[in-house]
file run04.txt (compact mmCIF, C-alpha atoms)
# COMPACT_ATOMS: atom_id res chain seq x y z
CA MET M 111 11.38 5.35 -2.68
CA PHE M 112 8.87 7.21 -0.57
CA SER M 113 9.83 5.08 2.44
CA SER M 114 13.27 6.73 2.44
CA GLN M 115 11.60 10.15 2.78
CA TYR M 116 8.89 9.04 5.20
CA HIS M 117 10.42 10.23 8.46
CA ALA M 118 11.45 13.63 7.09
CA VAL M 119 8.00 14.26 5.58
CA ARG M 120 6.22 13.18 8.76
CA ASP M 121 8.50 15.26 10.97
CA ASP M 122 7.88 18.33 8.81
CA ILE M 123 4.13 17.94 9.21
CA LEU M 124 4.30 17.31 12.95
CA SER M 125 6.64 20.21 13.62
CA ALA M 126 4.36 22.59 11.73
CA ILE M 127 1.02 21.63 13.31
CA ASN M 128 0.95 24.53 15.77
CA ILE M 129 1.79 27.01 13.02
CA LEU M 130 -0.57 25.48 10.49
CA SER M 131 -3.53 25.67 12.83
CA THR M 132 -3.27 29.42 13.45
CA PRO M 133 -5.89 31.61 11.73
CA ASP M 134 -3.29 33.57 9.75
CA ALA M 135 -1.76 30.38 8.34
CA LEU M 136 -5.16 29.01 7.37
CA GLU M 137 -6.13 32.25 5.64
CA ALA M 138 -3.00 31.89 3.50
CA VAL M 139 -4.21 28.56 2.08
CA ASP M 140 -5.52 28.94 -1.46
CA LEU M 141 -8.44 26.56 -1.89
CA ALA M 142 -8.27 27.16 -5.64
CA SER M 143 -4.75 25.69 -5.81
CA SER M 144 -4.81 22.02 -6.76
CA HIS M 145 -1.98 19.53 -6.24
CA ASP M 146 -0.60 21.48 -3.27
CA PRO M 147 -0.32 19.16 -0.25
CA ALA M 148 -0.20 22.25 1.99
CA LEU M 149 -4.00 22.23 1.66
CA ALA M 150 -3.95 19.55 4.35
CA ARG M 151 -3.09 22.17 6.97
CA VAL M 152 -6.75 23.17 6.93
CA LEU M 153 -7.60 19.88 8.65
CA TRP M 154 -6.05 21.18 11.89
CA SER M 155 -8.40 24.14 12.07
CA ALA M 156 -10.64 24.11 15.12
CA ASP M 157 -13.51 24.97 12.74
CA VAL M 158 -13.27 21.75 10.71
CA GLY M 159 -16.25 19.48 11.30
CA LYS M 160 -18.31 22.19 13.03
CA ASN M 161 -20.80 22.79 10.18
CA GLY M 162 -19.70 26.40 9.93
CA PHE M 163 -18.29 28.72 7.30
CA LEU M 164 -15.06 26.77 6.73
CA ASP M 165 -16.87 23.46 6.21
CA ASP M 166 -19.31 25.09 3.80
CA LEU M 167 -16.48 26.72 1.88
CA ILE M 168 -14.61 23.42 1.46
CA LEU M 169 -17.70 21.35 0.61
CA ASN M 170 -19.08 23.91 -1.86
CA THR M 171 -15.70 24.42 -3.54
CA SER M 172 -15.31 20.65 -3.94
CA GLN M 173 -18.78 20.28 -5.41
CA LYS M 174 -18.22 23.08 -7.93
CA ILE M 175 -14.87 21.65 -9.05
CA LYS M 176 -16.28 18.16 -9.48
CA GLN M 177 -19.41 19.44 -11.21
CA ASP M 178 -17.34 21.43 -13.69
CA ILE M 179 -15.29 18.34 -14.60
CA TYR M 180 -17.81 15.51 -14.36
CA GLY M 181 -21.23 17.15 -14.60
CA GLY M 182 -22.72 14.99 -11.87
CA SER M 183 -21.63 11.67 -13.36
CA VAL M 184 -20.62 8.87 -10.99
CA TYR M 185 -19.05 5.63 -12.17
CA ALA M 186 -20.47 2.28 -11.14
CA VAL M 187 -18.07 -0.36 -9.77
CA VAL M 188 -18.64 -3.58 -7.87
CA PRO M 189 -16.29 -5.62 -5.63
CA VAL M 190 -16.00 -9.32 -6.51
CA TYR M 191 -14.34 -11.22 -3.68
CA SER M 192 -12.34 -14.24 -4.76
CA THR M 193 -11.25 -15.66 -1.40
CA SER M 194 -11.79 -15.13 2.32
CA VAL M 195 -8.94 -17.42 3.34
CA CYS M 196 -6.32 -15.14 4.90
CA MET M 197 -2.93 -15.40 6.58
CA GLU M 198 -2.99 -11.85 7.96
CA GLU M 199 -3.72 -10.77 11.53
CA CYS M 200 -5.06 -7.27 10.85
CA GLY M 201 -6.71 -6.29 14.11
CA TYR M 202 -9.59 -4.42 12.45
CA CYS M 203 -10.64 -7.12 9.98
CA ASN M 204 -13.14 -9.95 10.20
CA TYR M 205 -10.95 -12.04 7.86
CA ARG M 206 -7.97 -12.08 10.21
CA ALA M 207 -6.50 -15.57 10.50
CA GLY M 208 -7.34 -15.78 14.21
CA ASN M 209 -11.08 -15.35 13.65
CA LYS M 210 -12.41 -18.90 13.91
CA GLY M 211 -15.88 -18.34 12.61
CA LEU M 212 -17.56 -15.15 13.80
CA GLU M 213 -19.72 -13.96 10.88
CA VAL M 214 -17.34 -15.38 8.28
CA GLU M 215 -17.07 -18.35 5.98
CA ARG M 216 -13.68 -19.35 4.60
CA ILE M 217 -14.35 -19.63 0.89
CA ARG M 218 -12.12 -19.86 -2.15
CA LEU M 219 -14.05 -19.47 -5.41
CA SER M 220 -13.47 -21.84 -8.29
CA ASP M 221 -13.25 -20.41 -11.80
CA ASP M 222 -16.81 -21.54 -12.43
CA ASP M 223 -17.96 -19.81 -9.25
CA LEU M 224 -16.25 -16.60 -10.31
CA VAL M 225 -17.91 -16.74 -13.73
CA SER M 226 -21.29 -17.22 -12.05
CA GLU M 227 -20.72 -14.12 -9.92
CA ALA M 228 -19.60 -12.06 -12.92
CA ARG M 229 -22.48 -13.09 -15.16
CA PHE M 230 -25.01 -12.31 -12.44
CA LEU M 231 -23.59 -8.82 -11.89
CA ILE M 232 -23.37 -8.08 -15.61
CA GLU M 233 -26.70 -9.54 -16.69
CA GLN M 234 -28.89 -8.75 -13.67
CA LYS M 235 -27.35 -5.49 -12.44
CA GLY M 236 -25.71 -4.00 -15.53
CA LEU M 237 -22.34 -3.67 -13.77
CA ARG M 238 -19.34 -3.76 -16.11
CA THR M 239 -16.44 -2.57 -13.93
CA LEU M 240 -15.43 -5.44 -11.69
CA GLU M 241 -12.94 -5.07 -8.84
CA LEU M 242 -11.40 -8.42 -7.92
CA VAL M 243 -10.70 -8.47 -4.17
CA TYR M 244 -8.33 -10.90 -2.49
CA ALA M 245 -7.32 -11.82 1.02
CA THR M 246 -3.74 -13.02 1.57
CA ASP M 247 -4.53 -16.59 0.60
CA PRO M 248 -1.53 -18.98 0.44
CA LEU M 249 -3.13 -20.82 -2.50
CA VAL M 250 -4.22 -17.76 -4.49
CA ARG M 251 -1.04 -16.09 -5.65
CA ALA M 252 -0.23 -13.81 -8.59
CA ASP M 253 -0.55 -16.60 -11.18
CA ALA M 254 -4.09 -17.36 -10.01
CA MET M 255 -4.94 -13.65 -9.98
CA CYS M 256 -3.73 -13.34 -13.58
CA ARG M 257 -5.87 -16.28 -14.63
CA GLN M 258 -8.92 -14.73 -12.97
CA VAL M 259 -8.32 -11.31 -14.55
CA GLU M 260 -8.15 -13.00 -17.96
CA LEU M 261 -11.27 -15.00 -17.14
CA LEU M 262 -13.32 -11.94 -16.23
CA GLN M 263 -12.06 -10.09 -19.30
CA ARG M 264 -13.31 -12.97 -21.49
CA VAL M 265 -16.70 -12.91 -19.78
CA LEU M 266 -17.00 -9.12 -20.16
CA LYS M 267 -16.05 -9.38 -23.84
CA GLU M 268 -19.13 -11.55 -24.40
CA TYR M 269 -21.23 -8.57 -23.25
CA GLY M 270 -19.42 -5.90 -25.22
CA GLY M 271 -16.46 -5.30 -22.91
CA GLY M 272 -15.73 -3.84 -19.52
CA THR M 273 -13.02 -3.19 -16.98
CA VAL M 274 -11.23 -5.39 -14.45
CA GLY M 275 -9.32 -3.99 -11.51
CA ILE M 276 -7.71 -5.61 -8.51
CA ASN M 277 -7.47 -5.05 -4.77
CA THR M 278 -4.89 -7.33 -3.22
CA GLU M 279 -1.81 -7.42 -1.04
CA ALA M 280 1.32 -5.56 -2.14
CA LEU M 281 3.13 -7.46 -4.91
CA GLU M 282 6.47 -7.50 -6.70
CA ILE M 283 7.12 -5.61 -9.94
CA GLU M 284 7.12 -8.77 -12.06
CA GLU M 285 3.82 -9.86 -10.54
CA TYR M 286 2.24 -6.51 -11.36
CA LYS M 287 3.63 -6.78 -14.90
CA SER M 288 2.00 -10.18 -15.33
CA LEU M 289 -1.34 -8.71 -14.23
CA VAL M 290 -1.00 -5.91 -16.79
CA ASP M 291 -0.32 -8.53 -19.47
CA ALA M 292 -3.44 -10.39 -18.32
CA GLY M 293 -5.60 -7.32 -18.99
CA LEU M 294 -5.65 -5.47 -15.69
CA SER M 295 -6.91 -1.88 -15.92
CA PHE M 296 -6.36 -0.59 -12.39
CA ALA M 297 -4.88 -1.63 -9.05
CA VAL M 298 -5.90 -0.27 -5.66
CA LEU M 299 -4.06 -0.66 -2.37
CA TRP M 300 -4.99 1.10 0.84
CA GLN M 301 -2.03 2.04 3.01
CA GLU M 302 -4.41 1.80 6.00
CA THR M 303 -2.34 4.26 8.11
CA TYR M 304 0.85 6.27 7.65
CA ASP M 305 1.60 6.09 11.38
CA ARG M 306 4.38 3.51 11.34
CA GLN M 307 4.10 2.57 15.01
CA ARG M 308 0.33 2.25 14.84
CA TYR M 309 0.67 0.26 11.62
CA SER M 310 2.84 -2.28 13.45
CA GLU M 311 0.36 -2.49 16.33
CA VAL M 312 -2.59 -3.44 14.10
CA HIS M 313 -0.68 -5.61 11.59
CA LEU M 314 0.77 -8.50 13.54
CA GLY M 315 2.67 -11.51 12.29
CA ASN M 316 5.52 -11.92 9.84
CA THR M 317 3.79 -11.41 6.49
CA LYS M 318 4.67 -8.93 3.76
CA LYS M 319 1.75 -6.77 4.83
CA ALA M 320 3.32 -6.42 8.28
CA ASN M 321 6.29 -4.71 6.58
CA PHE M 322 5.36 -1.02 6.53
CA GLU M 323 8.05 -0.01 4.03
CA TYR M 324 7.19 -2.81 1.63
CA ARG M 325 3.58 -1.73 1.53
CA VAL M 326 4.16 2.02 1.30
CA ASP M 327 6.51 1.53 -1.68
CA ALA M 328 4.11 -0.76 -3.54
CA TYR M 329 2.71 2.15 -5.59
CA GLU M 330 6.12 2.72 -7.13
CA ARG M 331 6.33 -0.95 -8.06
CA MET M 332 2.90 -0.67 -9.68
CA ILE M 333 4.02 2.31 -11.74
CA GLU M 334 7.30 0.67 -12.74
CA ALA M 335 5.30 -2.36 -13.88
CA GLY M 336 3.23 -0.19 -16.23
CA ILE M 337 0.08 0.32 -14.17
CA ARG M 338 -1.05 3.88 -14.81
CA ASN M 339 -4.33 3.75 -12.91
CA ILE M 340 -3.51 3.30 -9.23
CA GLY M 341 -5.70 3.65 -6.18
CA MET M 342 -4.37 5.02 -2.89
CA GLY M 343 -6.05 5.62 0.43
CA VAL M 344 -6.18 5.32 4.20
CA LEU M 345 -8.54 3.66 6.65
CA SER M 346 -9.70 6.69 8.61
CA GLY M 347 -9.83 5.84 12.29
CA LEU M 348 -6.83 3.58 12.77
CA ALA M 349 -4.61 6.52 13.79
CA ASP M 350 -4.75 10.33 13.78
CA TRP M 351 -6.91 10.82 10.70
CA ARG M 352 -5.62 14.34 10.03
CA LEU M 353 -2.02 13.18 9.91
CA ASP M 354 -2.96 10.19 7.74
CA TRP M 355 -4.70 12.43 5.17
CA ALA M 356 -1.81 14.92 5.21
CA MET M 357 0.72 12.10 4.68
CA LEU M 358 -1.42 10.63 1.90
CA MET M 359 -1.43 13.95 0.05
CA GLN M 360 2.32 14.26 0.48
CA HIS M 361 2.75 10.74 -0.88
CA GLU M 362 0.59 11.52 -3.90
CA SER M 363 2.55 14.70 -4.50
CA TYR M 364 5.80 12.71 -4.40
CA LEU M 365 4.51 10.25 -7.02
CA ARG M 366 3.33 13.09 -9.22
CA ARG M 367 6.72 14.82 -9.07
CA THR M 368 8.70 11.60 -9.53
CA PHE M 369 6.64 9.69 -12.09
CA GLY M 370 4.10 12.16 -13.50
CA ILE M 371 1.32 9.92 -12.19
CA SER M 372 -1.61 11.03 -10.04
CA ALA M 373 -3.76 8.60 -8.12
CA ALA M 374 -6.71 7.61 -10.30
CA ILE M 375 -8.73 6.36 -7.33
CA LEU M 376 -8.95 7.49 -3.72
CA GLY M 377 -9.85 4.89 -1.11
CA ILE M 378 -11.93 6.48 1.65
CA PRO M 379 -12.98 3.66 4.02
CA ARG M 380 -13.84 4.73 7.56
CA LEU M 381 -13.28 2.29 10.39
CA LYS M 382 -16.35 0.21 11.16
CA VAL M 383 -16.39 -2.52 13.79
CA ALA M 384 -16.47 -6.10 12.49
CA VAL M 385 -17.70 -8.86 14.82
CA GLY M 386 -14.55 -10.95 14.56
CA ALA M 387 -12.11 -8.06 14.76
CA LEU M 388 -9.85 -7.49 17.75
CA LEU M 389 -9.98 -3.71 17.39
CA LYS M 390 -13.40 -2.58 18.59
CA ASP M 391 -12.95 1.16 18.97
CA THR M 392 -10.35 3.91 18.69
CA PRO M 393 -10.25 7.60 19.64
CA PHE M 394 -9.22 8.47 16.08
CA ILE M 395 -12.41 7.96 14.07
CA PRO M 396 -13.43 11.21 12.35
CA SER M 397 -16.99 12.38 12.81
CA ARG M 398 -19.24 12.19 9.79
CA GLN M 399 -18.77 15.91 9.14
CA GLU M 400 -14.98 15.75 9.56
CA PHE M 401 -14.93 12.80 7.17
CA LEU M 402 -16.94 14.66 4.52
CA VAL M 403 -14.62 17.66 4.79
CA ALA M 404 -11.48 15.50 4.48
CA VAL M 405 -12.75 13.90 1.27
CA ALA M 406 -13.87 17.28 -0.11
CA LEU M 407 -10.47 18.81 0.64
CA HIS M 408 -8.82 15.98 -1.27
CA ASN M 409 -11.18 16.65 -4.19
CA ILE M 410 -9.77 20.19 -4.25
CA PHE M 411 -6.21 18.87 -3.96
CA SER M 412 -6.61 16.35 -6.81
CA PRO M 413 -9.81 17.09 -8.76
CA LYS M 414 -9.59 14.21 -11.24
CA THR M 415 -8.93 11.55 -8.61
CA MET M 416 -12.15 9.62 -8.05
CA ALA M 417 -13.13 8.90 -4.46
CA PHE M 418 -14.23 5.28 -4.03
CA VAL M 419 -17.54 5.87 -2.25
CA SER M 420 -17.84 3.01 0.19
CA THR M 421 -20.99 1.15 1.22
CA ARG M 422 -19.59 1.17 4.74
CA GLU M 423 -21.51 4.48 4.79
CA ASP M 424 -25.27 5.04 4.75
CA TRP M 425 -27.09 6.33 1.68
CA LYS M 426 -27.22 9.95 2.81
CA THR M 427 -23.46 10.01 3.39
CA CYS M 428 -22.79 8.33 0.03
CA ILE M 429 -24.82 11.04 -1.69
CA GLN M 430 -22.95 13.81 0.10
CA LEU M 431 -19.61 12.23 -0.79
CA SER M 432 -20.73 12.13 -4.43
CA HIS M 433 -21.82 15.76 -4.81
CA GLY M 434 -20.70 17.05 -8.20
CA GLY M 435 -19.84 13.58 -9.48
CA GLY M 436 -16.42 12.25 -10.31
CA CYS M 437 -16.37 9.30 -7.95
CA LEU M 438 -16.60 5.53 -8.07
CA PHE M 439 -20.00 4.50 -6.77
CA THR M 440 -20.69 1.08 -5.28
CA PHE M 441 -24.25 -0.15 -5.57
CA ASN M 442 -24.50 -3.87 -4.92
CA CYS M 443 -21.90 -4.91 -2.38
CA SER M 444 -21.00 -8.27 -0.89
CA THR M 445 -17.70 -8.76 0.91
CA ILE M 446 -17.89 -12.56 1.02
CA PRO M 447 -16.89 -14.67 -2.00
CA GLY M 448 -20.01 -15.94 -3.74
CA GLY M 449 -22.25 -13.47 -1.96
CA TYR M 450 -24.11 -12.35 -5.10
CA SER M 451 -25.19 -15.48 -6.97
CA LEU M 452 -24.10 -18.39 -4.77
CA GLY M 453 -25.81 -17.49 -1.51
CA HIS M 454 -22.72 -17.40 0.70
CA LYS M 455 -23.04 -15.49 3.97
CA GLY M 456 -20.61 -13.46 6.06
CA TYR M 457 -18.53 -10.35 5.55
CA GLN M 458 -15.09 -8.78 5.78
CA PHE M 459 -16.65 -5.68 7.33
CA PRO M 460 -20.31 -4.62 7.66
CA THR M 461 -21.71 -2.81 4.63
CA TYR M 462 -24.91 -1.58 3.08
CA SER M 463 -25.93 -2.77 -0.38
CA TYR M 464 -27.83 -0.44 -2.72
CA ASP M 465 -29.28 -2.45 -5.55
CA ALA M 466 -28.17 -0.95 -8.85
CA VAL M 467 -31.51 -1.42 -10.56
CA ALA M 468 -33.46 0.24 -7.76
CA TYR M 469 -31.10 3.04 -6.78
CA VAL M 470 -30.24 4.60 -10.15
CA GLU M 471 -33.44 6.63 -10.04
CA ARG M 472 -32.68 7.76 -6.49
CA LEU M 473 -29.35 9.07 -7.74
CA LYS M 474 -31.11 11.08 -10.44
CA GLU M 475 -33.24 12.71 -7.75
CA GLN M 476 -29.93 14.04 -6.36
CA ASN M 477 -28.76 15.32 -9.78
CA LEU M 478 -26.31 12.42 -10.09
CA ASN M 479 -26.08 10.22 -13.16
CA ALA M 480 -24.75 6.67 -12.89
CA VAL M 481 -22.43 5.59 -15.73
CA PHE M 482 -22.10 1.84 -16.12
CA ASP M 483 -20.13 1.56 -19.37
CA TRP M 484 -16.82 3.28 -18.74
CA THR M 485 -13.10 2.66 -18.41
CA LEU M 486 -10.06 4.42 -16.96
CA ASP M 487 -8.06 3.63 -20.10
CA GLU M 488 -7.24 6.03 -22.91
CA PRO M 489 -8.28 7.63 -25.28
CA ILE M 490 -9.19 10.66 -23.19
CA SER M 491 -12.66 12.14 -23.31
CA LEU M 492 -14.23 13.37 -20.10
CA GLY M 493 -17.47 14.00 -21.93
CA GLY M 494 -17.80 10.41 -23.04
CA ARG M 495 -16.89 6.94 -22.02
CA TYR M 496 -13.18 7.32 -21.38
CA LEU M 497 -11.32 8.87 -18.49
CA SER M 498 -7.65 9.48 -17.88
CA MET M 499 -6.14 10.06 -14.45
CA SER M 500 -2.50 10.61 -15.42
CA ALA M 501 -0.91 13.89 -14.40
CA SER M 502 -1.62 16.82 -16.67

call {"tool": "encode", "arguments": {"input": "run04.txt", "output": "structure tokens"}}
result
Amino acid sequence: MFSSQYHAVRDDILSAINILSTPDALEAVDLASSHDPALARVLWSADVGKNGFLDDLILNTSQKIKQDIYGGSVYAVVPVYSTSVCMEECGYCNYRAGNKGLEVERIRLSDDDLVSEARFLIEQKGLRTLELVYATDPLVRADAMCRQVELLQRVLKEYGGGTVGINTEALEIEEYKSLVDAGLSFAVLWQETYDRQRYSEVHLGNTKKANFEYRVDAYERMIEAGIRNIGMGVLSGLADWRLDWAMLMQHESYLRRTFGISAAILGIPRLKVAVGALLKDTPFIPSRQEFLVAVALHNIFSPKTMAFVSTREDWKTCIQLSHGGGCLFTFNCSTIPGGYSLGHKGYQFPTYSYDAVAYVERLKEQNLNAVFDWTLDEPISLGGRYLSMSAS
């Protein structure tokens, strides 16, 4: 388990920071070498985020790599929230249990409600990759998630097919297996931060999510359950963002060595203040330029991993994150259950929403082509509908 190696890996990174940030050490980094977590040492350069030669080199190298693989194609995905009832006390989240009503409704969708949301997104917006998103709801457990995955798969089948993924709390192996049997295509889970102490400070209570080791080892349970398309990521701004990205790359490298599986999806949320959150600001939030460079460096590290471009960011930033293609692109975005077709108000965190119908042409103006009919599942054909993110 990665948790058993956590302290040694973190200590190695921390002990090397002074060495890694020297000019000679940085010059030794080969930006053409993928899957080498040593690339992360670049993040400690004093030149990162300064709009100079190093930033340009990283951003341009990333764009070329992505362009060569994906030809400017980005892949449309939409979050479909099932419940905003939550037992967690995550200090940065509007859905935390202690928030008694600031900009949030506590909603649990019925099956009919979920179908209404799905049909609206498919029929009106052309979106066919649906990401089911759950809070830690005591009444919506793995059996309910399986039923809803099956339900959305049936709805998509009526329209020629599509893909269902899930974003939920860390689960047990058998629960992940049941989701695979229900038709799940991918599972994403953001580690939030790899700083164990900071993790404990912002995840209060006695839930499974409060258990750092349980969460960090969830990816291995996913893989053992047969999920081949996993999404990993950090919430940049909770702790030292450089160390979080370096630890993330080490974790991915461990999974690749151990299981032959690379992350299919990279979660790249950046901390944004929610009205009902306890955490209002931190000294750790990367600047916009630092953020762009971190994502680009990861593109070099793992070229086929698709960054999940978040509508927490404005349109210009989304476009820059998407240069070259090869990312998941969110158009319409509501983070409240029933926010698309049922008129429910509120949010988990503040977002923009770029209507799919209106913004496809704006993507084309940036030499980006939105693909709506796609899947992560085999067979493999990067030039067509299918993608594969397993290690090669």

call {"tool": "closest_atom_pairs", "arguments": {"input": "run04.txt", "of": "stretch 369-393 of chain M", "to": "stretch 196-218 of chain M", "cutoff": "6 Å", "atoms": "only C-alpha atoms", "output": "JSON lines"}}
result
{"residue": "M:Ala384", "atom": "CA", "partner": "M:Asn204", "partner_atom": "CA", "distance": 5.6}
{"residue": "M:Gly386", "atom": "CA", "partner": "M:Asn204", "partner_atom": "CA", "distance": 4.7}
{"residue": "M:Ala387", "atom": "CA", "partner": "M:Tyr202", "partner_atom": "CA", "distance": 5.0}
{"residue": "M:Leu388", "atom": "CA", "partner": "M:Gly201", "partner_atom": "CA", "distance": 5.0}
{"residue": "M:Leu389", "atom": "CA", "partner": "M:Tyr202", "partner_atom": "CA", "distance": 5.0}

call {"tool": "closest_residue", "arguments": {"input": "run04.txt", "among": "M:Leu348, M:Tyr180, M:Leu486, M:Val403", "to": "M:Val152", "atoms": "only C-alpha atoms"}}
result
M:Val403

call {"tool": "residues_around", "arguments": {"input": "run04.txt", "residues": "M:Glu284", "least_positions_apart": "3", "cutoff": "8 Å", "atoms": "only C-alpha atoms", "output": "number ranges by chain"}}
result
M: 287-288, 335

call {"tool": "residues_around", "arguments": {"input": "run04.txt", "residues": "M:Val274", "least_positions_apart": "6", "cutoff": "10 Å", "atoms": "all atoms listed in the file", "output": "compact mmCIF listing (two decimals) with C-alpha atoms, keeping the file's coordinate frame"}}
result
# COMPACT_ATOMS: atom_id res chain seq x y z
CA VAL M 187 -18.07 -0.36 -9.77
CA ARG M 238 -19.34 -3.76 -16.11
CA THR M 239 -16.44 -2.57 -13.93
CA LEU M 240 -15.43 -5.44 -11.69
CA GLU M 241 -12.94 -5.07 -8.84
CA LEU M 242 -11.40 -8.42 -7.92
CA GLN M 258 -8.92 -14.73 -12.97
CA VAL M 259 -8.32 -11.31 -14.55
CA GLU M 260 -8.15 -13.00 -17.96
CA LEU M 261 -11.27 -15.00 -17.14
CA LEU M 262 -13.32 -11.94 -16.23
CA GLN M 263 -12.06 -10.09 -19.30
CA LEU M 266 -17.00 -9.12 -20.16
CA GLY M 293 -5.60 -7.32 -18.99
CA LEU M 294 -5.65 -5.47 -15.69
CA SER M 295 -6.91 -1.88 -15.92
CA PHE M 296 -6.36 -0.59 -12.39
CA ALA M 297 -4.88 -1.63 -9.05
CA THR M 485 -13.10 2.66 -18.41

call {"tool": "residues_around", "arguments": {"input": "run04.txt", "residues": "M:Ala404", "least_positions_apart": "4", "cutoff": "8 Å", "atoms": "all atoms listed in the file", "output": "list in words"}}
result
Leu153, Trp355, Glu400 and His408 of chain M

call {"tool": "atom_distance", "arguments": {"input": "run04.txt", "atom1": "atom CA of M:Phe401", "atom2": "atom CA of M:Val184"}}
result
19.4 Å

call {"tool": "atom_distance", "arguments": {"input": "run04.txt", "atom1": "atom CA of M:Asp305", "atom2": "atom CA of M:Phe411"}}
result
21.4 Å

call {"tool": "closest_atom_pairs", "arguments": {"input": "run04.txt", "of": "stretch 141-230 of chain M", "to": "stretch 461-478 of chain M", "cutoff": "12 Å", "atoms": "all atoms listed in the file", "output": "JSON lines"}}
result
{"residue": "M:Gln173", "atom": "CA", "partner": "M:Leu478", "partner_atom": "CA", "distance": 11.8}
{"residue": "M:Lys176", "atom": "CA", "partner": "M:Leu478", "partner_atom": "CA", "distance": 11.6}
{"residue": "M:Gln177", "atom": "CA", "partner": "M:Leu478", "partner_atom": "CA", "distance": 9.9}
{"residue": "M:Tyr180", "atom": "CA", "partner": "M:Leu478", "partner_atom": "CA", "distance": 10.0}
{"residue": "M:Gly181", "atom": "CA", "partner": "M:Leu478", "partner_atom": "CA", "distance": 8.3}
{"residue": "M:Gly182", "atom": "CA", "partner": "M:Leu478", "partner_atom": "CA", "distance": 4.8}
{"residue": "M:Ser183", "atom": "CA", "partner": "M:Leu478", "partner_atom": "CA", "distance": 5.8}
{"residue": "M:Val184", "atom": "CA", "partner": "M:Leu478", "partner_atom": "CA", "distance": 6.8}
{"residue": "M:Tyr185", "atom": "CA", "partner": "M:Leu478", "partner_atom": "CA", "distance": 10.2}
{"residue": "M:Ala186", "atom": "CA", "partner": "M:Ala466", "partner_atom": "CA", "distance": 8.7}
{"residue": "M:Val187", "atom": "CA", "partner": "M:Ala466", "partner_atom": "CA", "distance": 10.2}
{"residue": "M:Val188", "atom": "CA", "partner": "M:Ala466", "partner_atom": "CA", "distance": 9.9}
{"residue": "M:Pro189", "atom": "CA", "partner": "M:Ser463", "partner_atom": "CA", "distance": 11.3}

call {"tool": "atom_distance", "arguments": {"input": "run04.txt", "atom1": "atom CA of M:Lys414", "atom2": "atom CA of M:Gly341"}}
result
12.3 Å

call {"tool": "closest_residue", "arguments": {"input": "run04.txt", "among": "M:Thr278, M:Thr317, M:Thr273, M:Thr421", "to": "M:Asn442", "atoms": "all atoms listed in the file"}}
result
M:Thr421

call {"tool": "closest_residue", "arguments": {"input": "run04.txt", "among": "M:Leu402, M:Ile410, M:Ile179, M:Ile375", "to": "M:Gly435", "atoms": "all atoms listed in the file"}}
result
M:Ile179

call {"tool": "axis_aligned_box", "arguments": {"input": "run04.txt", "around": "stretch 270-276 of chain M", "padding_each_side": "6 Å", "output": "lines of an AutoDock Vina configuration file"}}
result
center_x = -13.6
center_y = -4.5
center_z = -16.9
size_x = 23.7
size_y = 14.7
size_z = 28.7

call {"tool": "residues_near_point", "arguments": {"input": "run04.txt", "point": "(-14.7, 0.4, -2.9)", "cutoff": "7 Å", "atoms": "only C-alpha atoms", "output": "PyMOL selection string"}}
result
chain M and resi 189+377+418-420+440

call {"tool": "write_last_selection", "arguments": {"input": "run04.txt", "atoms": "C-alpha atoms", "output": "mmCIF file, keeping the file's coordinate frame"}}
result
data_model
loop_
_atom_site.group_PDB
_atom_site.id
_atom_site.type_symbol
_atom_site.label_atom_id
_atom_site.label_comp_id
_atom_site.auth_asym_id
_atom_site.auth_seq_id
_atom_site.Cartn_x
_atom_site.Cartn_y
_atom_site.Cartn_z
ATOM 1 C CA PRO M 189 -16.290 -5.620 -5.630
ATOM 2 C CA GLY M 377 -9.850 4.890 -1.110
ATOM 3 C CA PHE M 418 -14.230 5.280 -4.030
ATOM 4 C CA VAL M 419 -17.540 5.870 -2.250
ATOM 5 C CA SER M 420 -17.840 3.010 0.190
ATOM 6 C CA THR M 440 -20.690 1.080 -5.280
#

call {"tool": "closest_residue", "arguments": {"input": "run04.txt", "among": "M:Leu164, M:Leu169, M:Thr193, M:Ala150", "to": "M:His454", "atoms": "all atoms listed in the file"}}
result
M:Thr193

call {"tool": "residues_around", "arguments": {"input": "run04.txt", "residues": "M:Glu334", "least_positions_apart": "4", "cutoff": "10 Å", "atoms": "all atoms listed in the file", "output": "MDAnalysis selection string"}}
result
chainID M and resid 283:284 286:287 328:330 338 369
